[in-house]
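The structure appears below as structure tokens.
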Amino acid sequence: MKFVDEAFIDVAAGDGGNGCVSFRHEKYKEFGGPDGGDGGRGGHVFAVADPNLNTLVDFRYSRRHEAKRGEHGKGSDMFGAAGSDITLKMPVGTIISDADTGEVLYELLTPGEVITIAKGGDGGFGNMRFKSAINRAPRQKTPGWPGERKNLKLELKVLADVGLLGMPNAGKSTFIAAVSNARPKIADYPFTTLHPNLGVVRVGPEQSFVIADIPGLIEGASEGAGLGHQFLRHLQRTRLLLHVVDLAPFDDTVDPVAQAKAIVGELKKYDTQLFEKPRWLVLNKLDMVPAEERAERVKDFVKRFKWKGPVFEISALTREGCESLVQSIFQHVHAQQLAQNAPVEVDPRFADQLPAQP
């Protein structure tokens with residue numbers, strides 16, 4: 001299935017039903033009085049985060065979504081029924097924003113999370129609502145209120161702990177296939193990966209993290225070269241970036257250092273916050289380098305690249321060095337998760353005012 005990470009939809013909640021003007025007509029009951037009921041509310045439009053979905057493709061072919069309007073009020077004190085609600089299933093990680101202003105309205109980050117994206121209109125009042133001591137036979141009623149109508153932009157940013165960054169054919173797909181359950185297409189030509197792939201890396205019992213492989217980035221992507229920047233959004237929620245470099249390119253005229261610097265430059269052009277994320281250097285395809293030349297080639301690359309961060313030497317094809325890299329990644333991700341969920345320090349003067357923990 002094609003990976004679709006952006007869509008535009010129109011949603012319309014149901015209008016409220018109109019109130020009713022009616023009077024009680026019953027044998028032996030003269031001047032029975034008003035008995036017109038209220039209209040029912042219009043249906044709401046909900047969105048739910050469904051962990052079983054991974055694209056927005058359904059919304060490419062079904063753009064208009066309308067909830068039912070409420071029923072009108074009736075005589076004999078009968079209120080109109082509420083309109084049926086509709087629920088739109090969206091992938092976890094979907095951002096819902098206003099298509100006209102660009103304002104972010106909602107984010108679906110938790111599986112099963114339900115939000116109301118358009119509220120149905122309230123029903124109108126029937127004439128029984130207007131009965132009073134001086135108005136015994138009211139003929140007033142009100143129409144139903146209109147439901148909310150919105151033009152929305154849906155944008156999917158996958159929720160991954162680790163993102164792979166690098167040139168086409170750097171070995172990112174081979175690496176994610178070696179360490180996770182993902183099975184991306186792997187071939188010896190550039191841009192084999194045309195859409196993001198997610199894989200779950202299992203480190204031990206109840207110990208795992210999610211890794212994302214996006215299509216390769218090349219110099220000039222900000223001007224539309226290659227596949228451009230369209231998939232870099234999927235790295236914005238990651239905790240760690242792995243910059244995968246092909247240390248043994250087929251073309252001897254290609255300089256891996258120049259390619260790596262180009263990637264970093266494009267990353268900085270796209271998003272400064274993404275550029276400032278923790279980033280590790282992963283030198284891949286060492287199986288293609290003679291054993292006696294490896295140390296010297298790695299040292300030369302790090303020196304010319306002026307890299308001060310962590311460096312890992314692997315071969316995704318033979319899985320050499322992958323296990324130690326995976327363990328290091330898990331320790332880093334787990335430490336960030338603990339820091340994020342750490343209890344907030346509370347001033348002891350106000351500790352007794354806090355609600356009791358379950």
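Just so we're on the same page: first chain in the structure tokens is A, next is B, and so on; residues restart at 1 for each chain, and ligands are numbered from 1 in the order they show up.
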
**OP:** Please identify all polymer residues within 9 Å of A:Val311, counting only C-alpha atoms, omitting same-chain residues fewer than 4 positions from it, and present them as an MDAnalysis selection string.
**Re:** chainID A and resid 280:283 302 307

**OP:** Pick out the residues sitting within 7 Å of stretch 37-45 of chain A, and hand them over as a PyMOL selection string; count only C-alpha atoms, and ignore anything fewer than 5 positions along from it in its own chain.
**Re:** chain A and resi 13-20+67-75+77-87+116-126+128+144+147

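Taking stretch 249-288 of chain A and asking which residues DSSP calls strand (DSSP E or B) on the backbone, you get Arg279, Trp280, Leu281, Val282, Leu283 and Asn284 of chain A.
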
Original post:
What is the atom CA of A:Thr238 to atom CA of A:Pro278 distance in Å?
Top reply: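 One can read the atom CA of A:Thr238 to atom CA of A:Pro278 distance as 9.5 Å.
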
Original post:
What are the DSSP alpha helix (DSSP H) residues of stretch 13-189 of chain A, as a PyMOL selection string?
Top reply: chain A and resi 172-179

Contacts of A:Val298 at 12 Å (only C-alpha atoms; same-chain gap of 3+ positions) as a PDB file with C-alpha atoms, in the first residue's frame:
```pdb
ATOM      1  CA  VAL A 245      27.529   6.702   6.042  1.00  0.00           C
ATOM      2  CA  ASP A 246      28.724   4.402   3.271  1.00  0.00           C
ATOM      3  CA  LEU A 247      32.425   4.090   3.993  1.00  0.00           C
ATOM      4  CA  ALA A 248      33.079   2.025   0.867  1.00  0.00           C
ATOM      5  CA  PRO A 256      32.017  10.079   1.914  1.00  0.00           C
ATOM      6  CA  VAL A 257      33.010  13.132   3.964  1.00  0.00           C
ATOM      7  CA  LEU A 281      27.671   8.592  13.402  1.00  0.00           C
ATOM      8  CA  VAL A 282      27.329   5.055  12.017  1.00  0.00           C
ATOM      9  CA  LEU A 283      30.031   4.018   9.528  1.00  0.00           C
ATOM     10  CA  ASN A 284      28.582   1.193   7.466  1.00  0.00           C
ATOM     11  CA  LYS A 285      29.824  -1.388   4.915  1.00  0.00           C
ATOM     12  CA  LEU A 286      33.089  -2.078   6.721  1.00  0.00           C
ATOM     13  CA  VAL A 289      37.053  -2.502   3.468  1.00  0.00           C
ATOM     14  CA  ALA A 291      40.688  -5.418   7.656  1.00  0.00           C
ATOM     15  CA  GLU A 292      44.133  -3.801   7.703  1.00  0.00           C
ATOM     16  CA  GLU A 293      42.727  -0.525   6.272  1.00  0.00           C
ATOM     17  CA  ARG A 294      39.642  -0.143   8.461  1.00  0.00           C
ATOM     18  CA  ALA A 295      41.164   1.656  11.429  1.00  0.00           C
ATOM     19  CA  PHE A 301      36.924  10.092   8.054  1.00  0.00           C
ATOM     20  CA  VAL A 302      36.309  11.253  11.623  1.00  0.00           C
ATOM     21  CA  LYS A 303      39.196  13.707  11.417  1.00  0.00           C
ATOM     22  CA  ARG A 304      38.108  15.282   8.124  1.00  0.00           C
ATOM     23  CA  PHE A 305      34.444  15.298   9.150  1.00  0.00           C
ATOM     24  CA  TRP A 307      33.094  14.768  14.369  1.00  0.00           C
ATOM     25  CA  VAL A 311      31.071   6.750  16.364  1.00  0.00           C
ATOM     26  CA  PHE A 312      29.990   3.178  15.588  1.00  0.00           C
ATOM     27  CA  GLU A 313      31.591   0.899  13.014  1.00  0.00           C
ATOM     28  CA  ILE A 314      29.240  -1.724  11.557  1.00  0.00           C
TER      29      ILE A 314
END
```

**OP:** Would you mind reading off the distance between atom CA of A:His334 and atom CA of A:Pro205, one decimal, in Å?
**Re:**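 Interatomic distance, atom CA of A:His334 to atom CA of A:Pro205: 13.9 Å.
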
**OP:** Give me, please, the distance in Å between atom CA of A:Leu154 and atom CA of A:Ala7, quoted to one decimal.
**Re:**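 Between atom CA of A:Leu154 and atom CA of A:Ala7 the gap works out to 5.1 Å.
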
**OP:** For A:Arg202, list every protein, DNA or RNA residue within 12 Å, evaluated using only C-alpha atoms, and leave out those in the same chain fewer than 3 positions away; present the list as a PyMOL selection string.
**Re:** chain A and resi 176+178-182+199+205-211+323+326-327+329-330

Restricted to N, CA, C and O atoms, what would the selected residues look like written as a tab-separated table (two decimals), in the first residue's frame?
```tsv
chain	number	residue	atom	x	y	z
A	176	ILE	N	18.04	-1.69	9.04
A	176	ILE	CA	16.77	-1.86	9.74
A	176	ILE	C	16.24	-3.28	9.56
A	176	ILE	O	15.59	-3.83	10.45
A	178	ALA	N	18.24	-5.85	9.38
A	178	ALA	CA	19.12	-6.70	10.17
A	178	ALA	C	18.77	-6.68	11.65
A	178	ALA	O	18.95	-7.69	12.34
A	179	VAL	N	18.26	-5.55	12.16
A	179	VAL	CA	18.07	-5.44	13.60
A	179	VAL	C	16.61	-5.47	14.03
A	179	VAL	O	16.31	-5.53	15.22
A	180	SER	N	15.66	-5.42	13.06
A	180	SER	CA	14.25	-5.35	13.43
A	180	SER	C	13.44	-6.34	12.60
A	180	SER	O	13.98	-7.12	11.81
A	181	ASN	N	12.11	-6.25	12.80
A	181	ASN	CA	11.22	-7.12	12.06
A	181	ASN	C	10.75	-6.50	10.75
A	181	ASN	O	9.91	-7.07	10.05
A	182	ALA	N	11.26	-5.32	10.41
A	182	ALA	CA	10.86	-4.67	9.16
A	182	ALA	C	11.54	-5.38	7.98
A	182	ALA	O	12.67	-5.85	8.08
A	199	GLY	N	10.30	-0.24	12.06
A	199	GLY	CA	10.65	-1.56	12.58
A	199	GLY	C	10.78	-1.52	14.08
A	199	GLY	O	11.23	-0.53	14.66
A	205	PRO	N	13.37	-9.09	27.01
A	205	PRO	CA	11.98	-9.15	27.47
A	205	PRO	C	11.49	-7.77	27.91
A	205	PRO	O	12.10	-7.14	28.77
A	206	GLU	N	10.41	-7.32	27.28
A	206	GLU	CA	9.81	-6.01	27.57
A	206	GLU	C	10.80	-4.88	27.35
A	206	GLU	O	10.70	-3.82	27.98
A	207	GLN	N	11.75	-5.10	26.48
A	207	GLN	CA	12.72	-4.06	26.14
A	207	GLN	C	12.80	-3.94	24.62
A	207	GLN	O	13.29	-4.85	23.95
A	208	SER	N	12.30	-2.83	24.10
A	208	SER	CA	12.30	-2.64	22.66
A	208	SER	C	12.21	-1.15	22.36
A	208	SER	O	11.91	-0.33	23.22
A	209	PHE	N	12.49	-0.80	21.11
A	209	PHE	CA	12.30	0.56	20.65
A	209	PHE	C	11.94	0.51	19.16
A	209	PHE	O	12.08	-0.52	18.49
A	210	VAL	N	11.42	1.64	18.66
A	210	VAL	CA	10.95	1.71	17.27
A	210	VAL	C	11.95	2.53	16.46
A	210	VAL	O	12.39	3.61	16.90
A	211	ILE	N	12.30	2.01	15.30
A	211	ILE	CA	13.26	2.68	14.43
A	211	ILE	C	12.59	2.98	13.09
A	211	ILE	O	11.78	2.20	12.60
A	323	GLU	N	24.94	-5.47	17.14
A	323	GLU	CA	24.41	-5.77	18.47
A	323	GLU	C	24.83	-4.71	19.49
A	323	GLU	O	24.01	-4.24	20.30
A	326	VAL	N	22.83	-1.55	18.87
A	326	VAL	CA	21.44	-1.67	19.34
A	326	VAL	C	21.37	-1.51	20.85
A	326	VAL	O	20.48	-0.83	21.39
A	327	GLN	N	22.29	-2.13	21.57
A	327	GLN	CA	22.29	-2.02	23.03
A	327	GLN	C	22.53	-0.57	23.46
A	327	GLN	O	21.89	-0.07	24.40
A	329	ILE	N	21.83	2.11	21.74
A	329	ILE	CA	20.63	2.89	21.40
A	329	ILE	C	19.56	2.70	22.47
A	329	ILE	O	18.93	3.67	22.93
A	330	PHE	N	19.35	1.45	22.88
A	330	PHE	CA	18.31	1.20	23.88
A	330	PHE	C	18.62	1.92	25.19
A	330	PHE	O	17.73	2.48	25.82
```
